[in-house]
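Visitor: TSV, C-alpha atoms, file work.tsv:
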```tsv
chain	number	residue	atom	x	y	z
V	208	MET	CA	-80.23	-118.70	-59.40
V	209	ARG	CA	-83.54	-120.32	-60.22
V	210	CYS	CA	-85.71	-121.22	-57.27
V	211	GLY	CA	-88.83	-123.31	-57.00
V	212	CYS	CA	-91.87	-121.67	-55.46
V	213	PRO	CA	-92.43	-122.93	-51.90
V	214	GLU	CA	-96.20	-122.70	-52.49
V	215	CYS	CA	-96.76	-124.33	-55.89
V	216	GLY	CA	-93.34	-125.51	-57.13
V	217	SER	CA	-93.13	-123.36	-60.28
V	218	PHE	CA	-89.87	-121.66	-61.15
V	219	MET	CA	-89.71	-118.20	-59.62
V	220	ILE	CA	-88.48	-115.03	-61.28
V	221	HIS	CA	-86.11	-112.65	-59.49
V	222	SER	CA	-87.55	-109.19	-58.88
V	223	GLU	CA	-84.92	-106.45	-58.60
V	224	SER	CA	-87.43	-103.91	-57.29
V	225	ASP	CA	-88.19	-105.64	-53.97
V	226	HIS	CA	-85.21	-108.03	-53.62
V	227	ALA	CA	-87.38	-111.13	-53.77
V	228	CYS	CA	-88.33	-113.90	-56.13
V	229	VAL	CA	-91.90	-113.84	-57.48
V	230	CYS	CA	-93.83	-116.85	-58.70
V	231	PRO	CA	-95.42	-116.18	-62.11
V	232	ASP	CA	-98.20	-118.69	-61.39
V	233	CYS	CA	-99.41	-117.99	-57.85
V	234	LEU	CA	-97.64	-114.62	-57.26
V	235	ALA	CA	-96.06	-115.82	-54.00
V	236	ARG	CA	-92.94	-113.97	-52.92
V	237	CYS	CA	-89.86	-115.59	-51.42
V	238	TYR	CA	-86.83	-113.94	-49.85
V	239	ALA	CA	-84.84	-117.07	-48.90
V	240	CYS	CA	-82.14	-117.00	-51.57
V	241	GLN	CA	-81.73	-113.24	-51.28
V	242	GLY	CA	-80.84	-113.43	-47.60
V	243	THR	CA	-83.32	-110.68	-46.79
V	244	GLY	CA	-83.77	-110.34	-43.04
V	245	THR	CA	-80.88	-112.66	-42.23
V	246	ALA	CA	-78.23	-110.10	-41.34
V	247	LEU	CA	-76.55	-110.78	-38.01
V	248	SER	CA	-76.22	-108.08	-35.38
V	249	ARG	CA	-72.83	-107.07	-34.02
V	250	GLU	CA	-73.64	-108.85	-30.75
V	251	GLU	CA	-74.51	-112.09	-32.58
V	252	ILE	CA	-71.25	-111.98	-34.52
V	253	LEU	CA	-69.24	-111.35	-31.34
V	254	GLY	CA	-71.07	-114.22	-29.63
V	255	MET	CA	-70.16	-116.55	-32.49
V	256	LYS	CA	-66.55	-115.40	-32.23
V	257	ARG	CA	-66.53	-116.15	-28.50
V	258	MET	CA	-67.98	-119.62	-29.12
V	259	MET	CA	-65.24	-120.33	-31.66
V	260	GLU	CA	-62.60	-119.19	-29.16
V	261	ILE	CA	-64.09	-121.46	-26.48
V	262	LYS	CA	-64.19	-124.39	-28.87
V	263	THR	CA	-60.61	-123.77	-29.87
V	264	THR	CA	-59.53	-123.65	-26.23
V	265	ASP	CA	-61.39	-126.90	-25.47
V	266	GLU	CA	-59.74	-128.57	-28.44
V	267	ARG	CA	-56.33	-127.44	-27.22
V	268	ILE	CA	-57.00	-128.88	-23.76
V	269	ARG	CA	-58.10	-132.22	-25.25
V	270	ASP	CA	-55.01	-132.34	-27.47
V	271	ALA	CA	-52.76	-131.66	-24.47
V	272	GLN	CA	-54.49	-134.39	-22.46
V	273	LYS	CA	-54.00	-136.90	-25.29
V	274	ARG	CA	-50.29	-136.09	-25.45
V	275	ASP	CA	-49.96	-136.65	-21.69
V	276	GLU	CA	-51.57	-140.11	-21.86
```
Give the structure from this file in structure tokens form.

Guide:
Amino acid sequence: MRCGCPECGSFMIHSESDHACVCPDCLARCYACQGTGTALSREEILGMKRMMEIKTTDERIRDAQKRDE
């Protein structure tokens, strides 16, 4: 993947040593495309699962109501 520097717009180079992209012009570092620091905790994943279950239940209720009309 080739990313543009968020600071100056130049193409960034991937650095294997620190899991970041480094701009050759302004030396800015970016971790966005590497996903660094974006891991979800177990609790966050379980919360998302619960929200999906709630949404699914709500959708089932709406479908049942439409059939009854």

Visitor: Rounded to one decimal in Å, what is the spacing between atom CA of V:Asp275 and atom CA of V:Arg257?

Guide: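 So the answer is 27.2 Å.
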
Visitor: Neighbourhood query: residues within 12 Å of (-83.6, -110.3, -57.5), file coordinates, counting all atoms listed in the file; return as a short mmCIF file (atom, residue, chain, number, x, y, z; two decimals) with C-alpha atoms, in the coordinates of the input.

Guide:
```cif
data_model
loop_
_atom_site.label_atom_id
_atom_site.label_comp_id
_atom_site.auth_asym_id
_atom_site.auth_seq_id
_atom_site.Cartn_x
_atom_site.Cartn_y
_atom_site.Cartn_z
CA MET V 208 -80.23 -118.70 -59.40
CA ARG V 209 -83.54 -120.32 -60.22
CA CYS V 210 -85.71 -121.22 -57.27
CA MET V 219 -89.71 -118.20 -59.62
CA ILE V 220 -88.48 -115.03 -61.28
CA HIS V 221 -86.11 -112.65 -59.49
CA SER V 222 -87.55 -109.19 -58.88
CA GLU V 223 -84.92 -106.45 -58.60
CA SER V 224 -87.43 -103.91 -57.29
CA ASP V 225 -88.19 -105.64 -53.97
CA HIS V 226 -85.21 -108.03 -53.62
CA ALA V 227 -87.38 -111.13 -53.77
CA CYS V 228 -88.33 -113.90 -56.13
CA VAL V 229 -91.90 -113.84 -57.48
CA ARG V 236 -92.94 -113.97 -52.92
CA CYS V 237 -89.86 -115.59 -51.42
CA TYR V 238 -86.83 -113.94 -49.85
CA ALA V 239 -84.84 -117.07 -48.90
CA CYS V 240 -82.14 -117.00 -51.57
CA GLN V 241 -81.73 -113.24 -51.28
CA GLY V 242 -80.84 -113.43 -47.60
CA THR V 243 -83.32 -110.68 -46.79
#
```

Visitor: Measure the distance from atom CA of V:Gly216 to atom CA of V:Thr245 in Å and round it to one decimal.

Guide: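 Calculated distance between atom CA of V:Gly216 and atom CA of V:Thr245 is 23.3 Å.
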
Visitor: Record the distance separating atom CA of V:Lys262 and atom CA of V:Ala246, expressed in Å with one decimal.

Guide: 23.6 Å
